[in-house]
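Source file final24.cif; content: mmCIF, C-alpha atoms.
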data_my_file
#
loop_
_atom_site.group_PDB
_atom_site.id
_atom_site.type_symbol
_atom_site.label_atom_id
_atom_site.label_comp_id
_atom_site.auth_asym_id
_atom_site.auth_seq_id
_atom_site.Cartn_x
_atom_site.Cartn_y
_atom_site.Cartn_z
ATOM 1 C CA MET F 1 -84.020 79.461 -127.319
ATOM 2 C CA HIS F 2 -81.117 77.651 -125.718
ATOM 3 C CA VAL F 3 -77.743 78.586 -124.326
ATOM 4 C CA TYR F 4 -75.278 75.742 -124.748
ATOM 5 C CA PRO F 5 -74.441 74.705 -121.199
ATOM 6 C CA PRO F 6 -70.848 74.455 -120.006
ATOM 7 C CA PRO F 7 -69.638 70.876 -119.551
ATOM 8 C CA PRO F 8 -69.349 69.593 -115.977
ATOM 9 C CA THR F 9 -65.866 69.478 -114.455
ATOM 10 C CA GLU F 10 -66.037 65.699 -114.556
ATOM 11 C CA GLN F 11 -67.225 64.658 -118.033
ATOM 12 C CA THR F 12 -70.091 62.238 -117.906
ATOM 13 C CA CYS F 13 -73.037 61.114 -119.991
ATOM 14 C CA VAL F 14 -76.377 59.390 -119.691
ATOM 15 C CA LEU F 15 -77.123 55.978 -121.162
ATOM 16 C CA LEU F 16 -80.587 56.101 -122.690
ATOM 17 C CA PHE F 17 -82.436 53.085 -124.080
ATOM 18 C CA VAL F 18 -84.449 54.129 -127.116
ATOM 19 C CA PRO F 19 -86.781 51.500 -128.595
ATOM 20 C CA VAL F 20 -85.741 51.194 -132.214
ATOM 21 C CA GLU F 21 -89.259 51.943 -133.494
ATOM 22 C CA LEU F 22 -88.996 55.393 -131.867
ATOM 23 C CA VAL F 23 -85.703 56.283 -133.583
ATOM 24 C CA PRO F 24 -87.403 58.245 -136.442
ATOM 25 C CA ILE F 25 -89.397 60.351 -133.968
ATOM 26 C CA VAL F 26 -86.588 60.903 -131.453
ATOM 27 C CA GLY F 27 -84.255 61.708 -134.356
ATOM 28 C CA ALA F 28 -86.711 64.299 -135.656
ATOM 29 C CA LEU F 29 -86.850 65.947 -132.221
ATOM 30 C CA PHE F 30 -83.050 66.078 -132.052
ATOM 31 C CA GLY F 31 -83.024 67.465 -135.594
ATOM 32 C CA ARG F 32 -85.043 70.496 -134.514
ATOM 33 C CA LEU F 33 -82.107 71.602 -132.422
ATOM 34 C CA GLU F 34 -79.907 71.930 -135.497
ATOM 35 C CA ARG F 35 -81.693 75.191 -136.344
ATOM 36 C CA ARG F 36 -80.001 78.492 -135.682
ATOM 37 C CA ALA F 37 -83.253 79.901 -134.313
ATOM 38 C CA GLU F 38 -83.153 77.436 -131.410
ATOM 39 C CA TRP F 39 -79.950 78.908 -129.998
ATOM 40 C CA ALA F 40 -79.213 82.210 -128.343
ATOM 41 C CA SER F 41 -75.945 82.956 -130.143
ATOM 42 C CA HIS F 42 -73.858 81.771 -133.056
ATOM 43 C CA SER F 43 -71.460 80.112 -130.614
ATOM 44 C CA ASP F 44 -74.302 78.285 -128.877
ATOM 45 C CA TRP F 45 -75.624 77.163 -132.263
ATOM 46 C CA LEU F 46 -72.179 75.925 -133.344
ATOM 47 C CA GLN F 47 -71.926 73.677 -130.296
ATOM 48 C CA GLY F 48 -75.583 72.693 -130.266
ATOM 49 C CA TYR F 49 -75.659 71.775 -133.940
ATOM 50 C CA LYS F 50 -72.676 69.447 -133.584
ATOM 51 C CA ALA F 51 -73.985 67.873 -130.397
ATOM 52 C CA PHE F 52 -77.438 67.076 -131.751
ATOM 53 C CA VAL F 53 -76.208 65.730 -135.096
ATOM 54 C CA GLU F 54 -73.896 63.434 -133.145
ATOM 55 C CA LEU F 55 -76.818 62.265 -131.033
ATOM 56 C CA GLN F 56 -78.685 61.371 -134.211
ATOM 57 C CA GLU F 57 -75.718 59.347 -135.419
ATOM 58 C CA GLN F 58 -75.629 57.543 -132.067
ATOM 59 C CA LEU F 59 -79.294 56.649 -132.466
ATOM 60 C CA MET F 60 -78.216 54.576 -135.462
ATOM 61 C CA ALA F 61 -75.148 53.040 -133.826
ATOM 62 C CA ASN F 62 -77.103 50.082 -132.427
ATOM 63 C CA CYS F 63 -74.592 50.129 -129.576
ATOM 64 C CA LEU F 64 -76.648 48.001 -127.179
ATOM 65 C CA GLN F 65 -76.801 45.146 -129.684
ATOM 66 C CA ASP F 66 -73.059 45.524 -130.263
ATOM 67 C CA LEU F 67 -72.468 45.105 -126.531
ATOM 68 C CA VAL F 68 -74.693 42.050 -126.411
ATOM 69 C CA ASN F 69 -72.865 40.544 -129.395
ATOM 70 C CA GLU F 70 -69.484 41.207 -127.771
ATOM 71 C CA VAL F 71 -70.531 39.419 -124.593
ATOM 72 C CA ARG F 72 -72.007 36.531 -126.541
ATOM 73 C CA ALA F 73 -68.827 36.222 -128.623
ATOM 74 C CA LEU F 74 -66.827 36.036 -125.399
ATOM 75 C CA ARG F 75 -69.050 33.323 -123.977
ATOM 76 C CA GLY F 76 -69.291 31.332 -127.202
ATOM 77 C CA VAL F 77 -72.322 29.412 -128.435
ATOM 78 C CA LYS F 78 -72.915 25.879 -127.114
ATOM 79 C CA PRO F 79 -71.944 23.287 -129.758
ATOM 80 C CA GLU F 80 -75.482 21.972 -130.062
ATOM 81 C CA TYR F 81 -76.768 25.431 -131.098
ATOM 82 C CA GLU F 82 -74.086 26.350 -133.634
ATOM 83 C CA ASP F 83 -76.519 25.826 -136.517
ATOM 84 C CA VAL F 84 -79.134 28.194 -135.072
ATOM 85 C CA PRO F 85 -79.064 31.529 -136.980
ATOM 86 C CA LEU F 86 -77.652 34.440 -134.945
ATOM 87 C CA GLU F 87 -80.924 36.370 -134.842
ATOM 88 C CA GLU F 88 -82.803 33.325 -133.501
ATOM 89 C CA ARG F 89 -80.402 32.460 -130.691
ATOM 90 C CA THR F 90 -81.463 32.991 -127.088
ATOM 91 C CA ILE F 91 -79.380 33.621 -123.994
ATOM 92 C CA ASP F 92 -79.463 29.979 -122.858
ATOM 93 C CA MET F 93 -77.789 28.887 -126.112
ATOM 94 C CA TYR F 94 -74.531 30.494 -125.021
ATOM 95 C CA ARG F 95 -72.013 29.058 -122.588
ATOM 96 C CA SER F 96 -71.887 30.564 -119.115
ATOM 97 C CA LEU F 97 -68.730 31.870 -117.480
ATOM 98 C CA ASN F 98 -68.767 28.722 -115.347
ATOM 99 C CA ASP F 99 -68.621 26.699 -118.568
ATOM 100 C CA LEU F 100 -65.509 28.656 -119.545
ATOM 101 C CA LEU F 101 -63.890 28.015 -116.165
ATOM 102 C CA ASP F 102 -64.686 24.323 -116.451
ATOM 103 C CA GLY F 103 -63.008 24.335 -119.844
ATOM 104 C CA LEU F 104 -59.815 25.746 -118.357
ATOM 105 C CA LEU F 105 -59.886 23.196 -115.561
ATOM 106 C CA LEU F 106 -60.356 20.416 -118.088
ATOM 107 C CA LEU F 107 -57.305 21.703 -119.935
ATOM 108 C CA ARG F 108 -55.279 21.274 -116.731
ATOM 109 C CA GLY F 109 -56.804 17.838 -116.304
ATOM 110 C CA LEU F 110 -55.243 16.675 -119.562
ATOM 111 C CA VAL F 111 -52.157 15.728 -117.610
ATOM 112 C CA THR F 112 -53.793 13.279 -115.216
ATOM 113 C CA GLY F 113 -56.925 12.108 -116.962
ATOM 114 C CA GLU F 114 -60.033 12.621 -114.863
ATOM 115 C CA ASP F 115 -58.192 14.457 -112.095
ATOM 116 C CA TYR F 116 -57.140 18.073 -112.422
ATOM 117 C CA GLY F 117 -53.412 18.450 -112.703
ATOM 118 C CA THR F 118 -51.097 21.208 -111.536
ATOM 119 C CA LEU F 119 -49.290 23.781 -113.622
ATOM 120 C CA ALA F 120 -46.036 21.970 -113.022
ATOM 121 C CA GLU F 121 -47.563 18.732 -114.306
ATOM 122 C CA LEU F 122 -48.834 20.522 -117.407
ATOM 123 C CA VAL F 123 -45.323 21.795 -118.114
ATOM 124 C CA LEU F 124 -44.003 18.277 -117.732
ATOM 125 C CA ALA F 125 -46.569 17.006 -120.181
ATOM 126 C CA LEU F 126 -45.606 19.663 -122.717
ATOM 127 C CA ARG F 127 -41.917 18.859 -122.394
ATOM 128 C CA GLY F 128 -42.447 15.129 -122.304
ATOM 129 C CA THR F 129 -40.170 14.844 -119.298
ATOM 130 C CA GLU F 130 -40.569 14.310 -115.625
ATOM 131 C CA ALA F 131 -38.075 16.953 -114.555
ATOM 132 C CA PRO F 132 -39.677 20.376 -114.185
ATOM 133 C CA THR F 133 -37.399 23.367 -114.126
ATOM 134 C CA ASP F 134 -37.933 26.551 -112.262
ATOM 135 C CA HIS F 135 -37.124 28.496 -115.444
ATOM 136 C CA ILE F 136 -40.169 27.153 -117.262
ATOM 137 C CA LEU F 137 -42.507 27.925 -114.410
ATOM 138 C CA LEU F 138 -41.070 31.429 -114.081
ATOM 139 C CA ALA F 139 -41.469 32.006 -117.821
ATOM 140 C CA LEU F 140 -45.103 30.959 -117.691
ATOM 141 C CA ARG F 141 -45.638 33.350 -114.796
ATOM 142 C CA GLY F 142 -43.967 36.177 -116.751
ATOM 143 C CA GLU F 143 -41.166 36.502 -114.206
ATOM 144 C CA THR F 144 -38.153 35.979 -116.467
ATOM 145 C CA ASP F 145 -36.226 38.338 -118.721
ATOM 146 C CA ALA F 146 -35.658 37.872 -122.468
ATOM 147 C CA THR F 147 -32.459 35.846 -122.090
ATOM 148 C CA GLU F 148 -34.066 33.447 -119.668
ATOM 149 C CA ILE F 149 -37.080 33.050 -121.941
ATOM 150 C CA ARG F 150 -34.757 32.061 -124.794
ATOM 151 C CA ASN F 151 -33.202 29.493 -122.503
ATOM 152 C CA VAL F 152 -36.640 28.178 -121.631
ATOM 153 C CA VAL F 153 -37.622 27.937 -125.292
ATOM 154 C CA GLY F 154 -34.427 26.008 -125.863
ATOM 155 C CA LEU F 155 -35.427 23.566 -123.161
ATOM 156 C CA LEU F 156 -38.818 23.043 -124.713
ATOM 157 C CA GLU F 157 -37.400 22.400 -128.202
ATOM 158 C CA MET R 1 -90.980 54.955 -158.881
ATOM 159 C CA VAL R 2 -88.983 57.387 -156.753
ATOM 160 C CA GLY R 3 -90.038 61.013 -157.326
ATOM 161 C CA ALA R 4 -91.976 62.612 -160.163
ATOM 162 C CA ALA R 5 -90.273 63.934 -163.287
ATOM 163 C CA ASN R 6 -89.206 67.584 -163.085
ATOM 164 C CA MET R 7 -90.409 70.122 -165.648
ATOM 165 C CA ALA R 8 -88.698 73.396 -166.506
ATOM 166 C CA LEU R 9 -87.551 75.950 -163.947
ATOM 167 C CA VAL R 10 -88.622 79.608 -164.271
ATOM 168 C CA GLN R 11 -86.898 82.334 -162.269
ATOM 169 C CA GLN R 12 -89.002 84.216 -159.727
ATOM 170 C CA THR R 13 -88.334 87.532 -158.045
ATOM 171 C CA LEU R 14 -85.483 87.609 -155.556
ATOM 172 C CA LEU R 15 -86.606 87.609 -151.966
ATOM 173 C CA ALA R 16 -84.901 90.037 -149.575
ATOM 174 C CA ARG R 17 -85.663 88.929 -146.028
ATOM 175 C CA LEU R 18 -84.753 90.177 -142.563
ATOM 176 C CA ARG R 19 -85.353 87.985 -139.529
ATOM 177 C CA PHE R 20 -86.112 89.652 -136.180
ATOM 178 C CA ARG R 21 -86.212 88.197 -132.686
ATOM 179 C CA ASP R 22 -88.171 89.681 -129.762
ATOM 180 C CA ASN R 23 -87.391 89.565 -126.032
ATOM 181 C CA ASP R 24 -89.256 86.253 -125.667
ATOM 182 C CA GLY R 25 -87.191 84.593 -128.367
ATOM 183 C CA ALA R 26 -90.068 84.589 -130.857
ATOM 184 C CA GLU R 27 -89.110 85.403 -134.435
ATOM 185 C CA SER R 28 -90.734 87.030 -137.429
ATOM 186 C CA THR R 29 -89.531 88.371 -140.747
ATOM 187 C CA CYS R 30 -89.745 91.503 -142.877
ATOM 188 C CA GLN R 31 -89.399 90.755 -146.572
ATOM 189 C CA THR R 32 -89.713 92.360 -149.964
ATOM 190 C CA ASN R 33 -89.170 91.319 -153.559
ATOM 191 C CA LEU R 34 -86.487 92.390 -156.009
ATOM 192 C CA ALA R 35 -86.736 92.098 -159.794
ATOM 193 C CA THR R 36 -85.174 89.101 -161.497
ATOM 194 C CA SER R 37 -82.850 91.492 -163.318
ATOM 195 C CA VAL R 38 -81.155 92.452 -160.026
ATOM 196 C CA SER R 39 -77.885 90.583 -159.591
ATOM 197 C CA PRO R 40 -77.239 88.576 -156.414
ATOM 198 C CA ALA R 41 -74.393 90.946 -155.503
ATOM 199 C CA SER R 42 -76.674 93.974 -155.829
ATOM 200 C CA ALA R 43 -79.366 92.217 -153.828
ATOM 201 C CA LEU R 44 -76.896 91.630 -151.006
ATOM 202 C CA THR R 45 -75.940 95.287 -151.054
ATOM 203 C CA PHE R 46 -79.620 96.227 -150.865
ATOM 204 C CA VAL R 47 -80.261 93.912 -147.905
ATOM 205 C CA SER R 48 -77.239 95.227 -146.058
ATOM 206 C CA SER R 49 -78.501 98.785 -146.425
ATOM 207 C CA TRP R 50 -82.146 97.951 -145.853
ATOM 208 C CA ARG R 51 -81.333 96.133 -142.592
ATOM 209 C CA SER R 52 -80.509 99.322 -140.669
ATOM 210 C CA ILE R 53 -83.504 101.150 -142.158
ATOM 211 C CA VAL R 54 -85.947 98.491 -141.022
ATOM 212 C CA SER R 55 -84.237 98.066 -137.657
ATOM 213 C CA ALA R 56 -84.984 101.722 -136.928
ATOM 214 C CA LEU R 57 -88.694 100.834 -136.984
ATOM 215 C CA SER R 58 -88.531 97.772 -134.764
ATOM 216 C CA SER R 59 -87.943 97.190 -131.059
ATOM 217 C CA ALA R 60 -86.889 93.600 -131.842
ATOM 218 C CA VAL R 61 -83.359 92.761 -132.935
ATOM 219 C CA CYS R 62 -82.417 91.781 -136.469
ATOM 220 C CA ILE R 63 -80.577 88.471 -136.304
ATOM 221 C CA GLU R 64 -80.354 87.399 -139.921
ATOM 222 C CA ALA R 65 -80.531 88.798 -143.462
ATOM 223 C CA ASP R 66 -81.216 86.618 -146.476
ATOM 224 C CA VAL R 67 -81.342 86.961 -150.219
ATOM 225 C CA VAL R 68 -83.240 84.090 -151.753
ATOM 226 C CA LEU R 69 -82.766 83.310 -155.417
ATOM 227 C CA ARG R 70 -85.877 81.481 -156.514
ATOM 228 C CA TRP R 71 -86.945 79.300 -159.357
ATOM 229 C CA SER R 72 -90.262 77.519 -159.673
ATOM 230 C CA GLU R 73 -91.269 74.480 -161.654
ATOM 231 C CA THR R 74 -93.525 75.313 -164.603
ATOM 232 C CA ALA R 75 -95.579 72.226 -163.883
ATOM 233 C CA THR R 76 -95.406 69.348 -161.440
ATOM 234 C CA GLY R 77 -96.692 65.827 -161.486
ATOM 235 C CA GLY R 78 -98.947 64.553 -158.746
ATOM 236 C CA ALA R 79 -97.315 63.725 -155.439
ATOM 237 C CA GLY R 80 -97.132 60.039 -154.557
ATOM 238 C CA ALA R 81 -99.877 58.555 -152.413
ATOM 239 C CA GLN R 82 -97.375 57.746 -149.663
ATOM 240 C CA SER R 83 -95.695 61.156 -149.702
ATOM 241 C CA ASP R 84 -95.497 62.953 -146.361
ATOM 242 C CA ALA R 85 -93.671 66.234 -145.817
ATOM 243 C CA LEU R 86 -93.219 65.355 -142.142
ATOM 244 C CA ARG R 87 -91.048 62.387 -143.079
ATOM 245 C CA HIS R 88 -87.445 63.084 -144.043
ATOM 246 C CA GLY R 89 -84.409 61.178 -145.103
ATOM 247 C CA VAL R 90 -81.582 62.379 -142.870
ATOM 248 C CA PHE R 91 -78.110 62.006 -144.308
ATOM 249 C CA ILE R 92 -75.332 62.520 -141.763
ATOM 250 C CA PHE R 93 -71.959 63.400 -143.262
ATOM 251 C CA GLU R 94 -68.510 63.600 -141.783
ATOM 252 C CA THR R 95 -66.878 66.936 -142.508
ATOM 253 C CA ALA R 96 -63.302 68.060 -142.919
ATOM 254 C CA VAL R 97 -62.947 69.250 -139.285
ATOM 255 C CA PRO R 98 -63.889 66.394 -138.508
ATOM 256 C CA ASP R 99 -67.460 66.943 -137.395
ATOM 257 C CA LEU R 100 -70.872 65.799 -138.491
ATOM 258 C CA ALA R 101 -73.472 67.619 -140.585
ATOM 259 C CA THR R 102 -76.893 66.730 -141.929
ATOM 260 C CA VAL R 103 -78.764 67.091 -145.201
ATOM 261 C CA ARG R 104 -82.495 66.268 -145.259
ATOM 262 C CA VAL R 105 -84.633 65.008 -148.119
ATOM 263 C CA PRO R 106 -88.372 65.707 -147.756
ATOM 264 C CA SER R 107 -90.848 62.842 -147.954
ATOM 265 C CA LEU R 108 -88.231 60.156 -148.343
ATOM 266 C CA ASP R 109 -89.521 57.320 -150.503
ATOM 267 C CA GLN R 110 -90.048 54.337 -148.216
ATOM 268 C CA SER R 111 -88.734 51.918 -150.826
ATOM 269 C CA LEU R 112 -85.252 53.293 -150.145
ATOM 270 C CA LEU R 113 -85.177 51.887 -146.606
ATOM 271 C CA GLU R 114 -83.483 48.682 -145.549
ATOM 272 C CA THR R 115 -85.898 45.773 -145.334
ATOM 273 C CA SER R 116 -84.039 43.567 -142.857
ATOM 274 C CA GLY R 117 -81.784 43.836 -139.836
ATOM 275 C CA PRO R 118 -82.261 45.746 -136.576
ATOM 276 C CA TYR R 119 -82.909 49.029 -138.428
ATOM 277 C CA ALA R 120 -85.338 47.658 -140.995
ATOM 278 C CA ASP R 121 -87.684 50.438 -142.221
ATOM 279 C CA ILE R 122 -85.454 53.064 -140.551
ATOM 280 C CA ARG R 123 -81.960 52.979 -142.106
ATOM 281 C CA ILE R 124 -81.599 54.202 -145.697
ATOM 282 C CA ASP R 125 -80.099 51.585 -148.014
ATOM 283 C CA GLN R 126 -76.902 53.179 -149.283
ATOM 284 C CA THR R 127 -76.332 50.445 -151.844
ATOM 285 C CA LEU R 128 -79.232 51.683 -153.989
ATOM 286 C CA THR R 129 -78.216 53.675 -157.046
ATOM 287 C CA ALA R 130 -80.414 56.713 -156.341
ATOM 288 C CA VAL R 131 -79.068 56.961 -152.794
ATOM 289 C CA ALA R 132 -75.460 56.457 -153.891
ATOM 290 C CA ASP R 133 -75.859 59.199 -156.537
ATOM 291 C CA PHE R 134 -77.233 61.609 -153.933
ATOM 292 C CA ILE R 135 -74.366 60.916 -151.542
ATOM 293 C CA ALA R 136 -71.777 61.274 -154.307
ATOM 294 C CA ALA R 137 -73.206 64.651 -155.371
ATOM 295 C CA LEU R 138 -72.721 65.970 -151.847
ATOM 296 C CA THR R 139 -69.339 64.423 -151.065
ATOM 297 C CA ALA R 140 -67.679 64.761 -154.478
ATOM 298 C CA GLY R 141 -69.673 67.803 -155.571
ATOM 299 C CA ALA R 142 -71.917 68.396 -158.548
ATOM 300 C CA ALA R 143 -71.443 70.764 -161.504
ATOM 301 C CA GLY R 144 -68.050 71.635 -160.054
ATOM 302 C CA VAL R 145 -69.394 72.856 -156.726
ATOM 303 C CA GLN R 146 -68.576 71.233 -153.384
ATOM 304 C CA PRO R 147 -71.297 71.521 -150.700
ATOM 305 C CA CYS R 148 -70.387 72.321 -147.102
ATOM 306 C CA ASP R 149 -71.988 72.416 -143.641
ATOM 307 C CA PRO R 150 -73.324 75.652 -142.042
ATOM 308 C CA PHE R 151 -69.811 76.400 -140.798
ATOM 309 C CA GLU R 152 -68.133 76.078 -144.219
ATOM 310 C CA ASN R 153 -66.640 72.637 -143.661
ATOM 311 C CA ASP R 154 -66.789 70.419 -146.754
ATOM 312 C CA LEU R 155 -68.898 67.274 -146.592
ATOM 313 C CA LEU R 156 -66.461 64.387 -147.031
ATOM 314 C CA THR R 157 -68.052 61.003 -146.435
ATOM 315 C CA ILE R 158 -71.425 59.597 -145.433
ATOM 316 C CA ALA R 159 -71.575 58.519 -141.788
ATOM 317 C CA GLU R 160 -75.187 57.396 -141.485
ATOM 318 C CA ALA R 161 -78.552 57.792 -143.166
ATOM 319 C CA TYR R 162 -81.939 57.211 -141.576
ATOM 320 C CA LYS R 163 -85.607 58.125 -141.693
ATOM 321 C CA GLU R 164 -86.998 60.750 -139.330
ATOM 322 C CA GLN R 165 -90.709 61.206 -138.820
ATOM 323 C CA PHE R 166 -92.599 64.008 -137.041
#

Here is the file; what I need is its structure written in the form of structure tokens.
Amino acid sequence: MHVYPPPPTEQTCVLLFVPVELVPIVGALFGRLERRAEWASHSDWLQGYKAFVELQEQLMANCLQDLVNEVRALRGVKPEYEDVPLEERTIDMYRSLNDLLDGLLLLRGLVTGEDYGTLAELVLALRGTEAPTDHILLALRGETDATEIRNVVGLLE
Amino acid sequence: MVGAANMALVQQTLLARLRFRDNDGAESTCQTNLATSVSPASALTFVSSWRSIVSALSSAVCIEADVVLRWSETATGGAGAQSDALRHGVFIFETAVPDLATVRVPSLDQSLLETSGPYADIRIDQTLTAVADFIAALTAGAAGVQPCDPFENDLLTIAEAYKEQF
């Protein structure tokens, strides 16, 4: 018989890795705690019932795989592995964060070919002019107000 | 095939039951039968009165009183070879509060489980007609009656459905 414990002053939880083949058994154990007889009072039962049904739902949320998929989506699959089905892909088939950084640096390098260019040079390339303005650089840094941004857009048009 | 065909239902005596709990938390019941002619309302009145009479004989505390209306099948087919009362289908519903509540189906037929994906052989396939009918009966009601959770919150939508196994 259980008394539903008071929550700690600082709400926290425990991350538990449950092998998927154990979900039916772990779920059954959680399910036992839905019974009124397991709890000391109606109030304890009310809280305990809700808590242990929610835990069963979480068992089916597959949250770890969701996290893995989110990270993989962020990294992006390497072009040569795009045809490999999702469930057959391995960690080395995805780009690393260094790959992503290299991609950004290559974007800057568009201005000067093999050499990495500067932000100012990139702006020049976008405008097709050799005269950078402070307004454009400030706009790209998010340091201008709405009126100035409109002016900058006008310059770029 | 999922489930054996049902035969006719025949009413049995009403069961009046009192549940007692001792100082260790262990529970046991005191029960008696009432004739089928007794109405549910009268049975409830009986249990309410009977509760204090029985409590006078017991050092445990009465924690619950039930009236069980019972019907039995006149005949049943044989249970399937793969049937197992320790295996359940667990249907988790969102309620009006919102909260979650469960309904369990004994000896869930294994053919109703998903066959692929990370929860293959665990998650119940909600696209199957028999499963969809079951969910609809609980969320939309059946015979004009809307089911609820133990705290009287209506079951609204299905949140998850999986197989549990003791």

Could you work out which residues of chain F fall inside 8 Å of chain R? Count all atoms listed in the file, and format the result as a PyMOL selection string.
chain F and resi 1+20+23-29+46+50+53-54+57+60+62

Residue subset to file, keeping C-alpha atoms, as a short mmCIF file (atom, residue, chain, number, x, y, z; two decimals), in the coordinates of the input:
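As written to disk, out.cif reads:
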data_model
loop_
_atom_site.label_atom_id
_atom_site.label_comp_id
_atom_site.auth_asym_id
_atom_site.auth_seq_id
_atom_site.Cartn_x
_atom_site.Cartn_y
_atom_site.Cartn_z
CA MET F 1 -84.02 79.46 -127.32
CA VAL F 20 -85.74 51.19 -132.21
CA VAL F 23 -85.70 56.28 -133.58
CA PRO F 24 -87.40 58.24 -136.44
CA ILE F 25 -89.40 60.35 -133.97
CA VAL F 26 -86.59 60.90 -131.45
CA GLY F 27 -84.26 61.71 -134.36
CA ALA F 28 -86.71 64.30 -135.66
CA LEU F 29 -86.85 65.95 -132.22
CA LEU F 46 -72.18 75.92 -133.34
CA LYS F 50 -72.68 69.45 -133.58
CA VAL F 53 -76.21 65.73 -135.10
CA GLU F 54 -73.90 63.43 -133.15
CA GLU F 57 -75.72 59.35 -135.42
CA MET F 60 -78.22 54.58 -135.46
CA ASN F 62 -77.10 50.08 -132.43
#

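Among the candidates F:His42, F:Lys78, F:Arg32, F:His2, the residue lying nearest to Asp99 in chain F is F:Lys78 (atoms considered: only C-alpha atoms).
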
Pick out the residues sitting within 9 Å of Leu155 in chain R, and hand them over as a VMD selection string; count all atoms listed in the file, and ignore anything fewer than 2 positions along from it in its own chain.
chain R and resid 93 to 96 100 to 101 138 to 140 146 to 149 153 157 to 158

Please indicate the distance in Å from CA of Ser83 in chain R to CA of Leu55 in chain F, rounded to one decimal place.
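Atom-to-atom, CA of Ser83 in chain R to CA of Leu55 in chain F, that is 26.6 Å.
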
Name the residues that the PyMOL selection byres ((chain R and resi 29) around 12) pulls out of this structure, and write them as a VMD selection string.
chain R and resid 15 to 22 26 to 28 30 to 32 51 54 to 55 58 60 to 66

Same residues, C-alpha atoms, saved as a PDB file, keeping the file's coordinate frame:
ATOM      1  CA  LEU R  15     -86.606  87.609-151.966  1.00  0.00           C
ATOM      2  CA  ALA R  16     -84.901  90.037-149.575  1.00  0.00           C
ATOM      3  CA  ARG R  17     -85.663  88.929-146.028  1.00  0.00           C
ATOM      4  CA  LEU R  18     -84.753  90.177-142.563  1.00  0.00           C
ATOM      5  CA  ARG R  19     -85.353  87.985-139.529  1.00  0.00           C
ATOM      6  CA  PHE R  20     -86.112  89.652-136.180  1.00  0.00           C
ATOM      7  CA  ARG R  21     -86.212  88.197-132.686  1.00  0.00           C
ATOM      8  CA  ASP R  22     -88.171  89.681-129.762  1.00  0.00           C
ATOM      9  CA  ALA R  26     -90.068  84.589-130.857  1.00  0.00           C
ATOM     10  CA  GLU R  27     -89.110  85.403-134.435  1.00  0.00           C
ATOM     11  CA  SER R  28     -90.734  87.030-137.429  1.00  0.00           C
ATOM     12  CA  CYS R  30     -89.745  91.503-142.877  1.00  0.00           C
ATOM     13  CA  GLN R  31     -89.399  90.755-146.572  1.00  0.00           C
ATOM     14  CA  THR R  32     -89.713  92.360-149.964  1.00  0.00           C
ATOM     15  CA  ARG R  51     -81.333  96.133-142.592  1.00  0.00           C
ATOM     16  CA  VAL R  54     -85.947  98.491-141.022  1.00  0.00           C
ATOM     17  CA  SER R  55     -84.237  98.066-137.657  1.00  0.00           C
ATOM     18  CA  SER R  58     -88.531  97.772-134.764  1.00  0.00           C
ATOM     19  CA  ALA R  60     -86.889  93.600-131.842  1.00  0.00           C
ATOM     20  CA  VAL R  61     -83.359  92.761-132.935  1.00  0.00           C
ATOM     21  CA  CYS R  62     -82.417  91.781-136.469  1.00  0.00           C
ATOM     22  CA  ILE R  63     -80.577  88.471-136.304  1.00  0.00           C
ATOM     23  CA  GLU R  64     -80.354  87.399-139.921  1.00  0.00           C
ATOM     24  CA  ALA R  65     -80.531  88.798-143.462  1.00  0.00           C
ATOM     25  CA  ASP R  66     -81.216  86.618-146.476  1.00  0.00           C
TER      26      ASP R  66
END

What does the distance between CA of Val67 in chain R and CA of Leu34 in chain R come to in Å, to one decimal place?
9.5 Å
